[in-house]
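S.K.: Sending over data-v3.pdb (PDB, C-alpha atoms).
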```pdb
MODEL        1
ATOM      1  CA  LYS A 786       4.393 -48.441  -2.552
ATOM      2  CA  LEU A 787       6.632 -47.247   0.244
ATOM      3  CA  LEU A 788       9.637 -47.220  -2.078
ATOM      4  CA  MET A 789       7.705 -45.161  -4.681
ATOM      5  CA  ALA A 790       6.593 -42.711  -1.985
ATOM      6  CA  PHE A 791      10.191 -42.351  -0.788
ATOM      7  CA  TYR A 792      11.402 -41.823  -4.367
ATOM      8  CA  GLY A 793       8.747 -39.144  -4.926
ATOM      9  CA  TYR A 794       9.757 -37.379  -1.714
ATOM     10  CA  PHE A 795      13.446 -37.692  -2.633
ATOM     11  CA  ALA A 796      12.775 -36.212  -6.096
ATOM     12  CA  LEU A 797      10.753 -33.311  -4.667
ATOM     13  CA  VAL A 798      13.292 -32.397  -1.999
ATOM     14  CA  ASN A 799      16.249 -32.622  -4.356
ATOM     15  CA  SER A 800      14.536 -30.674  -7.144
ATOM     16  CA  CYS A 801      13.756 -27.922  -4.613
ATOM     17  CA  LEU A 802      17.371 -27.912  -3.405
ATOM     18  CA  LEU A 803      18.603 -27.678  -6.981
ATOM     19  CA  LEU A 804      16.283 -24.734  -7.643
ATOM     20  CA  ILE A 805      17.500 -22.984  -4.483
ATOM     21  CA  ILE A 806      21.126 -23.455  -5.554
ATOM     22  CA  LEU A 807      20.478 -22.200  -9.095
ATOM     23  CA  CYS A 808      18.445 -19.182  -7.966
ATOM     24  CA  GLY A 809      20.942 -18.277  -5.260
ATOM     25  CA  THR A 810      23.846 -18.547  -7.684
ATOM     26  CA  TRP A 811      22.013 -16.457 -10.274
ATOM     27  CA  SER A 812      21.195 -13.788  -7.674
ATOM     28  CA  LEU A 813      24.898 -13.373  -6.919
ATOM     29  CA  ILE A 814      25.820 -13.280 -10.614
ATOM     30  CA  ALA A 815      23.015 -10.789 -11.324
ATOM     31  CA  LEU A 816      24.284  -8.447  -8.600
ATOM     32  CA  ILE A 817      27.758  -8.543 -10.134
ATOM     33  CA  LEU A 818      26.287  -7.780 -13.571
ATOM     34  CA  TYR A 819      24.359  -4.871 -12.052
ATOM     35  CA  GLY A 820      27.643  -3.370 -10.873
ATOM     36  CA  LEU A 821      29.431  -3.869 -14.190
ATOM     37  CA  PHE A 822      26.932  -3.012 -16.951
ATOM     38  CA  PRO A 823      24.503  -0.210 -17.786
ATOM     39  CA  LYS A 824      20.910  -0.811 -16.661
ATOM     40  CA  ARG A 825      19.575  -1.421 -20.187
ATOM     41  CA  HIS A 826      22.105  -4.249 -20.693
ATOM     42  CA  VAL A 827      21.513  -5.720 -17.242
ATOM     43  CA  GLN A 828      17.841  -6.334 -18.040
ATOM     44  CA  THR A 829      18.695  -8.256 -21.215
ATOM     45  CA  LEU A 830      21.491 -10.202 -19.506
ATOM     46  CA  SER A 831      19.248 -10.969 -16.528
ATOM     47  CA  ARG A 832      16.456 -12.319 -18.709
ATOM     48  CA  GLN A 833      18.914 -14.472 -20.639
ATOM     49  CA  GLY A 834      20.528 -15.690 -17.421
ATOM     50  CA  ILE A 835      17.169 -16.611 -15.916
ATOM     51  CA  SER A 836      16.240 -18.471 -19.085
ATOM     52  CA  ILE A 837      19.549 -20.357 -19.121
ATOM     53  CA  GLY A 838      19.241 -21.249 -15.436
ATOM     54  CA  PHE A 839      15.690 -22.494 -15.851
ATOM     55  CA  ARG A 840      16.716 -24.440 -18.982
ATOM     56  CA  LEU A 841      19.448 -26.115 -16.963
ATOM     57  CA  TYR A 842      16.962 -26.890 -14.184
ATOM     58  CA  VAL A 843      14.360 -28.320 -16.565
ATOM     59  CA  ALA A 844      17.045 -30.329 -18.412
ATOM     60  CA  ILE A 845      18.368 -31.847 -15.192
ATOM     61  CA  LEU A 846      14.883 -32.744 -13.978
ATOM     62  CA  GLY A 847      14.091 -34.163 -17.420
ATOM     63  CA  GLY A 848      17.301 -36.157 -17.498
ATOM     64  CA  LEU A 849      16.427 -37.686 -14.133
ATOM     65  CA  GLY A 850      12.932 -38.512 -15.356
ATOM     66  CA  TRP A 851      11.315 -36.167 -12.837
ATOM     67  CA  LEU A 852       9.813 -33.721 -15.370
ATOM     68  CA  ILE A 853       8.624 -34.029 -18.949
ATOM     69  CA  THR A 854       8.114 -30.861 -20.996
ATOM     70  CA  ASP A 855       7.360 -29.998 -24.584
ATOM     71  CA  THR A 856       7.722 -26.366 -25.609
ATOM     72  CA  ARG A 857       7.635 -26.870 -29.385
ATOM     73  CA  SER A 858       4.297 -25.058 -29.620
ATOM     74  CA  LEU A 859       6.092 -21.906 -28.406
ATOM     75  CA  ASP A 860       8.647 -21.984 -31.251
ATOM     76  CA  PRO A 861       6.561 -19.833 -33.652
ATOM     77  CA  LEU A 862       6.437 -17.094 -31.015
ATOM     78  CA  LYS A 863      10.212 -16.661 -31.181
ATOM     79  CA  THR A 864       9.905 -14.894 -34.537
ATOM     80  CA  SER A 865       6.538 -13.202 -34.045
ATOM     81  CA  GLY A 866       5.907  -9.597 -33.126
ATOM     82  CA  PRO A 867       5.064  -8.368 -29.663
ATOM     83  CA  MET A 868       2.056  -9.916 -27.951
ATOM     84  CA  VAL A 869       0.580 -10.628 -24.549
ATOM     85  CA  ILE A 870       0.888 -14.325 -23.765
ATOM     86  CA  THR A 871      -1.883 -15.395 -21.381
ATOM     87  CA  PRO A 872      -1.817 -19.086 -20.407
ATOM     88  CA  ASN A 873      -3.593 -20.534 -17.431
ATOM     89  CA  HIS A 874      -1.380 -21.211 -14.416
ATOM     90  CA  PRO A 875      -1.917 -24.772 -13.143
ATOM     91  CA  GLY A 876       1.385 -25.266 -11.341
ATOM     92  CA  LEU A 877       4.567 -23.729 -10.028
ATOM     93  CA  LEU A 878       6.747 -24.707 -12.979
ATOM     94  CA  ASP A 879       4.671 -23.441 -15.918
ATOM     95  CA  ALA A 880       6.132 -19.915 -15.959
ATOM     96  CA  MET A 881       9.603 -21.391 -15.608
ATOM     97  CA  VAL A 882       9.089 -23.712 -18.568
ATOM     98  CA  ILE A 883       7.763 -20.866 -20.748
ATOM     99  CA  LEU A 884      10.793 -18.735 -19.804
ATOM    100  CA  THR A 885      13.090 -21.541 -21.002
ATOM    101  CA  ALA A 886      11.615 -21.290 -24.489
ATOM    102  CA  LEU A 887      11.320 -17.487 -24.749
ATOM    103  CA  PRO A 888      14.398 -15.915 -23.103
ATOM    104  CA  ALA A 889      13.611 -12.245 -23.846
ATOM    105  CA  LEU A 890      10.125 -12.565 -22.429
ATOM    106  CA  GLY A 891       8.798  -9.864 -20.123
ATOM    107  CA  LEU A 892       6.765 -11.120 -17.192
ATOM    108  CA  VAL A 893       4.020  -9.792 -14.967
ATOM    109  CA  LEU A 894       4.366 -11.526 -11.624
ATOM    110  CA  LYS A 895       2.931 -11.507  -8.150
ATOM    111  CA  ALA A 896       4.386  -8.423  -6.448
ATOM    112  CA  SER A 897       5.454 -10.391  -3.372
ATOM    113  CA  LEU A 898       7.897 -12.412  -5.499
ATOM    114  CA  LEU A 899      10.006  -9.276  -5.976
ATOM    115  CA  ASP A 900      10.744  -9.440  -2.232
ATOM    116  CA  HIS A 901      11.502 -13.167  -2.256
ATOM    117  CA  PRO A 902      15.108 -13.768  -1.135
ATOM    118  CA  LEU A 903      15.908 -16.182  -3.982
ATOM    119  CA  LEU A 904      13.739 -14.855  -6.815
ATOM    120  CA  GLY A 905      13.540 -11.128  -6.101
ATOM    121  CA  ILE A 906      16.977  -9.943  -7.168
ATOM    122  CA  GLY A 907      16.885 -11.659 -10.550
ATOM    123  CA  ALA A 908      13.258 -10.654 -11.149
ATOM    124  CA  ARG A 909      13.956  -6.996 -10.372
ATOM    125  CA  LEU A 910      17.070  -6.862 -12.551
ATOM    126  CA  ALA A 911      15.185  -8.599 -15.377
ATOM    127  CA  GLY A 912      12.627  -5.795 -15.250
ATOM    128  CA  TYR A 913       9.734  -8.107 -14.420
ATOM    129  CA  ILE A 914       6.576  -6.189 -13.613
ATOM    130  CA  PRO A 915       4.676  -6.487 -10.320
ATOM    131  CA  ASN A 916       0.935  -7.018 -10.599
ATOM    132  CA  HIS A 917      -0.237  -5.020  -7.595
ATOM    133  CA  LEU A 918      -0.860  -1.641  -9.275
ATOM    134  CA  THR A 919      -2.917  -2.178 -12.414
ATOM    135  CA  LEU A 920      -2.206   1.176 -14.091
ATOM    136  CA  ALA A 921       1.544   0.938 -13.422
ATOM    137  CA  MET A 922       1.505  -2.667 -14.653
ATOM    138  CA  ILE A 923      -0.213  -1.603 -17.882
ATOM    139  CA  ARG A 924       2.223   1.288 -18.368
ATOM    140  CA  GLU A 925       5.271  -0.961 -17.832
ATOM    141  CA  GLY A 926       3.740  -3.727 -19.937
ATOM    142  CA  ARG A 927       3.148  -1.312 -22.815
ATOM    143  CA  HIS A 928       6.769  -0.195 -22.518
ATOM    144  CA  ASN A 929       7.966  -3.836 -22.850
ATOM    145  CA  LEU A 930       5.659  -4.422 -25.799
ATOM    146  CA  SER A 931       6.709  -1.183 -27.524
ATOM    147  CA  ARG A 932      10.273  -2.545 -27.572
ATOM    148  CA  GLY A 933       9.039  -5.562 -29.536
ATOM    149  CA  GLN A 934       9.055  -7.971 -26.612
ATOM    150  CA  HIS A 935       6.473 -10.536 -25.619
ATOM    151  CA  LEU A 936       4.849 -10.220 -22.234
ATOM    152  CA  LEU A 937       3.714 -13.172 -20.122
ATOM    153  CA  LEU A 938       0.723 -12.454 -17.922
ATOM    154  CA  PHE A 939      -1.401 -15.004 -16.119
ATOM    155  CA  PRO A 940      -4.951 -13.650 -16.430
ATOM    156  CA  GLU A 941      -6.178 -15.739 -13.500
ATOM    157  CA  GLY A 942      -3.939 -13.676 -11.219
ATOM    158  CA  THR A 943      -2.783 -16.769  -9.334
ATOM    159  CA  ARG A 944      -2.381 -20.485  -9.893
ATOM    160  CA  THR A 945      -5.447 -22.310 -11.193
ATOM    161  CA  GLN A 946      -7.484 -23.477  -8.231
ATOM    162  CA  ALA A 947     -10.889 -24.305  -9.737
ATOM    163  CA  PRO A 948     -10.900 -26.489 -12.867
ATOM    164  CA  PRO A 949     -10.780 -25.776 -15.693
ATOM    165  CA  ILE A 950      -9.613 -22.204 -14.885
ATOM    166  CA  ASN A 951     -10.237 -19.463 -12.331
ATOM    167  CA  PRO A 952     -12.142 -16.302 -13.262
ATOM    168  CA  LEU A 953      -9.996 -14.092 -15.496
ATOM    169  CA  SER A 954      -9.020 -10.510 -14.759
ATOM    170  CA  LYS A 955      -9.522  -7.897 -17.452
ATOM    171  CA  SER A 956      -5.977  -6.546 -17.172
ATOM    172  CA  SER A 957      -4.470  -8.714 -19.933
ATOM    173  CA  ALA A 958      -7.172  -7.649 -22.387
ATOM    174  CA  LEU A 959      -6.820  -3.999 -21.365
ATOM    175  CA  LEU A 960      -3.040  -4.167 -21.731
ATOM    176  CA  ALA A 961      -3.265  -5.735 -25.194
ATOM    177  CA  LEU A 962      -5.853  -3.164 -26.242
ATOM    178  CA  LYS A 963      -3.785  -0.207 -24.982
ATOM    179  CA  ALA A 964      -0.593  -1.586 -26.571
ATOM    180  CA  ASN A 965      -2.412  -2.531 -29.783
ATOM    181  CA  VAL A 966      -0.991  -6.075 -29.775
ATOM    182  CA  PRO A 967      -2.645  -9.502 -29.959
ATOM    183  CA  ILE A 968      -3.221 -11.821 -27.022
TER     184      ILE A 968
ENDMDL
END
```
Would you encode the structure as C-alpha coordinates?
M.R.:
Amino acid sequence: KLLMAFYGYFALVNSCLLLIILCGTWSLIALILYGLFPKRHVQTLSRQGISIGFRLYVAILGGLGWLITDTRSLDPLKTSGPMVITPNHPGLLDAMVILTALPALGLVLKASLLDHPLLGIGARLAGYIPNHLTLAMIREGRHNLSRGQHLLLFPEGTRTQAPPINPLSKSSALLALKANVPI
(Lines of atoms letter the chains of each structure in order from A and count residues from 1; the text may use other names and numbers.)
(Lines give C-alpha, C1' and ligand atoms only; values in the text may rest on other atoms or scores of the structure.)
Protein backbone atom coordinates (compact mmCIF):
# COMPACT_ATOMS: atom_id res chain seq x y z
CA LYS A 1 0.00 0.00 0.00
CA LEU A 2 2.80 2.40 0.81
CA LEU A 3 4.37 1.83 -2.60
CA MET A 4 1.02 2.52 -4.34
CA ALA A 5 0.56 5.70 -2.29
CA PHE A 6 4.07 6.85 -3.23
CA TYR A 7 3.41 6.07 -6.91
CA GLY A 8 0.15 8.05 -6.79
CA TYR A 9 1.93 11.01 -5.19
CA PHE A 10 4.78 10.74 -7.71
CA ALA A 11 2.30 10.70 -10.62
CA LEU A 12 0.38 13.71 -9.27
CA VAL A 13 3.47 15.82 -8.63
CA ASN A 14 5.05 15.01 -11.98
CA SER A 15 1.83 15.55 -13.95
CA CYS A 16 1.50 18.97 -12.28
CA LEU A 17 5.13 19.81 -13.12
CA LEU A 18 4.57 18.77 -16.72
CA LEU A 19 1.48 20.98 -16.94
CA ILE A 20 3.41 23.93 -15.47
CA ILE A 21 6.19 23.44 -18.04
CA LEU A 22 3.76 23.17 -20.96
CA CYS A 23 1.67 26.17 -19.88
CA GLY A 24 4.74 28.29 -19.19
CA THR A 25 6.25 27.40 -22.55
CA TRP A 26 2.98 28.14 -24.34
CA SER A 27 2.67 31.51 -22.57
CA LEU A 28 6.07 32.55 -23.94
CA ILE A 29 5.23 31.30 -27.44
CA ALA A 30 1.83 33.04 -27.32
CA LEU A 31 3.46 36.36 -26.42
CA ILE A 32 5.80 36.03 -29.39
CA LEU A 33 2.84 35.26 -31.67
CA TYR A 34 1.04 38.32 -30.29
CA GLY A 35 3.96 40.48 -31.42
CA LEU A 36 4.19 38.93 -34.88
CA PHE A 37 0.62 38.40 -36.11
CA PRO A 38 -2.60 40.41 -36.38
CA LYS A 39 -5.03 39.93 -33.48
CA ARG A 40 -7.54 37.88 -35.51
CA HIS A 41 -4.81 35.34 -36.38
CA VAL A 42 -3.42 35.26 -32.85
CA GLN A 43 -6.74 34.03 -31.47
CA THR A 44 -6.86 31.13 -33.94
CA LEU A 45 -3.18 30.28 -33.40
CA SER A 46 -3.61 30.49 -29.62
CA ARG A 47 -6.58 28.14 -29.60
CA GLN A 48 -4.71 25.67 -31.80
CA GLY A 49 -1.60 25.95 -29.64
CA ILE A 50 -3.58 25.35 -26.46
CA SER A 51 -5.23 22.33 -28.04
CA ILE A 52 -1.89 20.91 -29.19
CA GLY A 53 -0.31 21.48 -25.78
CA PHE A 54 -3.20 19.82 -23.97
CA ARG A 55 -3.14 16.94 -26.48
CA LEU A 56 0.54 16.45 -25.73
CA TYR A 57 -0.18 16.56 -21.99
CA VAL A 58 -3.05 14.07 -22.21
CA ALA A 59 -0.99 11.78 -24.49
CA ILE A 60 1.96 11.76 -22.10
CA LEU A 61 -0.26 11.06 -19.10
CA GLY A 62 -2.04 8.35 -21.10
CA GLY A 63 1.23 6.81 -22.20
CA LEU A 64 2.35 6.62 -18.58
CA GLY A 65 -0.95 5.04 -17.58
CA TRP A 66 -1.89 8.00 -15.39
CA LEU A 67 -4.95 9.12 -17.40
CA ILE A 68 -7.43 7.34 -19.63
CA THR A 69 -9.63 9.41 -21.95
CA ASP A 70 -12.07 8.75 -24.74
CA THR A 71 -13.20 11.72 -26.80
CA ARG A 72 -14.77 9.80 -29.69
CA SER A 73 -18.24 11.04 -28.72
CA LEU A 74 -17.04 14.58 -29.54
CA ASP A 75 -16.06 13.67 -33.12
CA PRO A 76 -19.48 14.51 -34.65
CA LEU A 77 -19.20 18.02 -33.22
CA LYS A 78 -16.15 18.73 -35.38
CA THR A 79 -18.35 19.03 -38.47
CA SER A 80 -21.49 20.44 -36.86
CA GLY A 81 -22.63 24.04 -36.83
CA PRO A 82 -22.19 26.41 -33.93
CA MET A 83 -23.60 25.35 -30.58
CA VAL A 84 -23.20 25.86 -26.86
CA ILE A 85 -21.58 22.80 -25.31
CA THR A 86 -22.63 22.46 -21.67
CA PRO A 87 -21.14 19.45 -19.85
CA ASN A 88 -20.97 19.09 -16.11
CA HIS A 89 -17.58 19.85 -14.58
CA PRO A 90 -16.51 17.02 -12.25
CA GLY A 91 -12.76 17.59 -12.30
CA LEU A 92 -9.88 19.82 -13.27
CA LEU A 93 -9.02 18.00 -16.49
CA ASP A 94 -12.43 17.83 -18.21
CA ALA A 95 -12.16 21.19 -19.99
CA MET A 96 -8.62 20.32 -21.02
CA VAL A 97 -9.71 17.00 -22.51
CA ILE A 98 -12.57 18.64 -24.44
CA LEU A 99 -10.15 21.26 -25.81
CA THR A 100 -7.92 18.46 -27.13
CA ALA A 101 -10.77 17.20 -29.30
CA LEU A 102 -12.18 20.56 -30.46
CA PRO A 103 -9.26 22.94 -31.12
CA ALA A 104 -11.26 25.95 -32.38
CA LEU A 105 -13.55 25.85 -29.38
CA GLY A 106 -14.44 29.08 -27.61
CA LEU A 107 -14.57 28.85 -23.83
CA VAL A 108 -16.32 30.66 -21.02
CA LEU A 109 -14.10 30.38 -17.97
CA LYS A 110 -13.83 31.59 -14.42
CA ALA A 111 -12.70 35.22 -14.65
CA SER A 112 -9.91 34.71 -12.12
CA LEU A 113 -8.18 32.28 -14.50
CA LEU A 114 -7.43 35.18 -16.85
CA ASP A 115 -5.13 36.55 -14.12
CA HIS A 116 -3.47 33.19 -13.46
CA PRO A 117 0.28 33.43 -14.19
CA LEU A 118 0.39 30.20 -16.22
CA LEU A 119 -3.06 30.11 -17.81
CA GLY A 120 -3.95 33.79 -18.20
CA ILE A 121 -1.78 34.81 -21.14
CA GLY A 122 -2.86 31.92 -23.36
CA ALA A 123 -6.50 32.25 -22.31
CA ARG A 124 -6.57 35.98 -23.08
CA LEU A 125 -4.88 35.58 -26.46
CA ALA A 126 -7.25 32.71 -27.32
CA GLY A 127 -10.16 35.07 -26.73
CA TYR A 128 -11.65 32.98 -23.93
CA ILE A 129 -14.54 34.74 -22.24
CA PRO A 130 -14.66 35.54 -18.51
CA ASN A 131 -17.84 34.57 -16.70
CA HIS A 132 -18.10 37.44 -14.24
CA LEU A 133 -20.29 39.84 -16.26
CA THR A 134 -23.27 37.93 -17.63
CA LEU A 135 -24.30 40.44 -20.32
CA ALA A 136 -20.73 40.85 -21.59
CA MET A 137 -20.31 37.06 -21.54
CA ILE A 138 -23.47 36.63 -23.61
CA ARG A 139 -22.39 39.34 -26.07
CA GLU A 140 -18.92 37.78 -26.52
CA GLY A 141 -20.39 34.28 -26.67
CA ARG A 142 -22.80 35.33 -29.41
CA HIS A 143 -19.88 36.83 -31.31
CA ASN A 144 -17.99 33.48 -31.14
CA LEU A 145 -21.09 31.58 -32.21
CA SER A 146 -21.82 33.99 -35.08
CA ARG A 147 -18.41 33.08 -36.52
CA GLY A 148 -19.49 29.43 -36.63
CA GLN A 149 -17.55 28.35 -33.57
CA HIS A 150 -18.63 26.12 -30.72
CA LEU A 151 -18.64 27.55 -27.24
CA LEU A 152 -17.89 25.54 -24.10
CA LEU A 153 -19.70 26.75 -21.01
CA PHE A 154 -20.04 24.89 -17.74
CA PRO A 155 -23.60 25.66 -16.59
CA GLU A 156 -22.81 24.74 -12.99
CA GLY A 157 -20.46 27.74 -12.84
CA THR A 158 -17.81 25.74 -11.00
CA ARG A 159 -16.68 22.15 -10.59
CA THR A 160 -19.37 19.67 -9.59
CA GLN A 161 -19.52 19.54 -5.81
CA ALA A 162 -22.87 17.86 -5.09
CA PRO A 163 -23.63 14.65 -7.01
CA PRO A 164 -24.95 14.23 -9.58
CA ILE A 165 -24.58 17.94 -10.53
CA ASN A 166 -24.76 21.37 -8.92
CA PRO A 167 -27.67 23.72 -9.63
CA LEU A 168 -27.40 25.11 -13.16
CA SER A 169 -27.23 28.77 -14.08
CA LYS A 170 -29.55 30.09 -16.77
CA SER A 171 -26.75 31.79 -18.72
CA SER A 172 -26.06 28.89 -21.10
CA ALA A 173 -29.74 28.65 -22.05
CA LEU A 174 -29.99 32.43 -22.44
CA LEU A 175 -26.86 32.51 -24.59
CA ALA A 176 -28.12 29.72 -26.85
CA LEU A 177 -31.51 31.42 -27.14
CA LYS A 178 -30.00 34.82 -28.00
CA ALA A 179 -27.57 33.26 -30.51
CA ASN A 180 -30.26 30.98 -31.94
CA VAL A 181 -28.06 27.87 -31.63
CA PRO A 182 -28.62 24.49 -29.97
CA ILE A 183 -27.20 23.43 -26.62
S.K.: Between CA of Arg825 in chain A and CA of Gly838 in chain A, what is the distance in Å, rounded to a tenth?
M.R.: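 Separation of CA of Arg825 in chain A and CA of Gly838 in chain A: 20.4 Å.
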S.K.: Rank A:Gly891, A:Pro902, A:Pro872, A:Gly912 by their smallest atom-to-atom distance to Ile950 in chain A, using all atoms listed in the file, and report the top residue only.
M.R.: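 Counting all atoms listed in the file, the residue closest to Ile950 in chain A is A:Pro872.
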S.K.: Grab the CA of Ile883 in chain A to CA of Phe939 in chain A distance for me, in Å with one decimal place.
M.R.: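 CA of Phe939 in chain A lies at a distance of 11.8 Å from CA of Ile883 in chain A.
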S.K.: With distances taken over all atoms listed in the file, which of A:Ala796, A:Thr871, A:Leu878, A:Pro888 is nearest to Lys955 in chain A?
M.R.: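 The closest residue to Lys955 in chain A is A:Thr871.
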S.K.: So which residues are close to (0.6, -9.9, -3.7), meaning at most 7 Å away in the file's coordinates with only C-alpha atoms counted, and can you show them as a list in words?
M.R.: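 Here the neighbourhood of the point contains Lys895, Ala896, Ser897 and His917 of chain A.
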S.K.: Which neighbours of His874 in chain A fall inside 12 Å, counting all atoms listed in the file, when residues of the same chain fewer than 4 positions from it are skipped, and could you give them as a VMD selection string?
M.R.: chain A and resid 870 878 to 883 894 937 to 953
S.K.: What does the file look like for those residues with C-alpha atoms, as a tab-separated table (two decimals), in the frame of the given file?
M.R.:
```
chain	number	residue	atom	x	y	z
A	870	ILE	CA	0.89	-14.32	-23.76
A	878	LEU	CA	6.75	-24.71	-12.98
A	879	ASP	CA	4.67	-23.44	-15.92
A	880	ALA	CA	6.13	-19.92	-15.96
A	881	MET	CA	9.60	-21.39	-15.61
A	882	VAL	CA	9.09	-23.71	-18.57
A	883	ILE	CA	7.76	-20.87	-20.75
A	894	LEU	CA	4.37	-11.53	-11.62
A	937	LEU	CA	3.71	-13.17	-20.12
A	938	LEU	CA	0.72	-12.45	-17.92
A	939	PHE	CA	-1.40	-15.00	-16.12
A	940	PRO	CA	-4.95	-13.65	-16.43
A	941	GLU	CA	-6.18	-15.74	-13.50
A	942	GLY	CA	-3.94	-13.68	-11.22
A	943	THR	CA	-2.78	-16.77	-9.33
A	944	ARG	CA	-2.38	-20.48	-9.89
A	945	THR	CA	-5.45	-22.31	-11.19
A	946	GLN	CA	-7.48	-23.48	-8.23
A	947	ALA	CA	-10.89	-24.30	-9.74
A	948	PRO	CA	-10.90	-26.49	-12.87
A	949	PRO	CA	-10.78	-25.78	-15.69
A	950	ILE	CA	-9.61	-22.20	-14.88
A	951	ASN	CA	-10.24	-19.46	-12.33
A	952	PRO	CA	-12.14	-16.30	-13.26
A	953	LEU	CA	-10.00	-14.09	-15.50
```
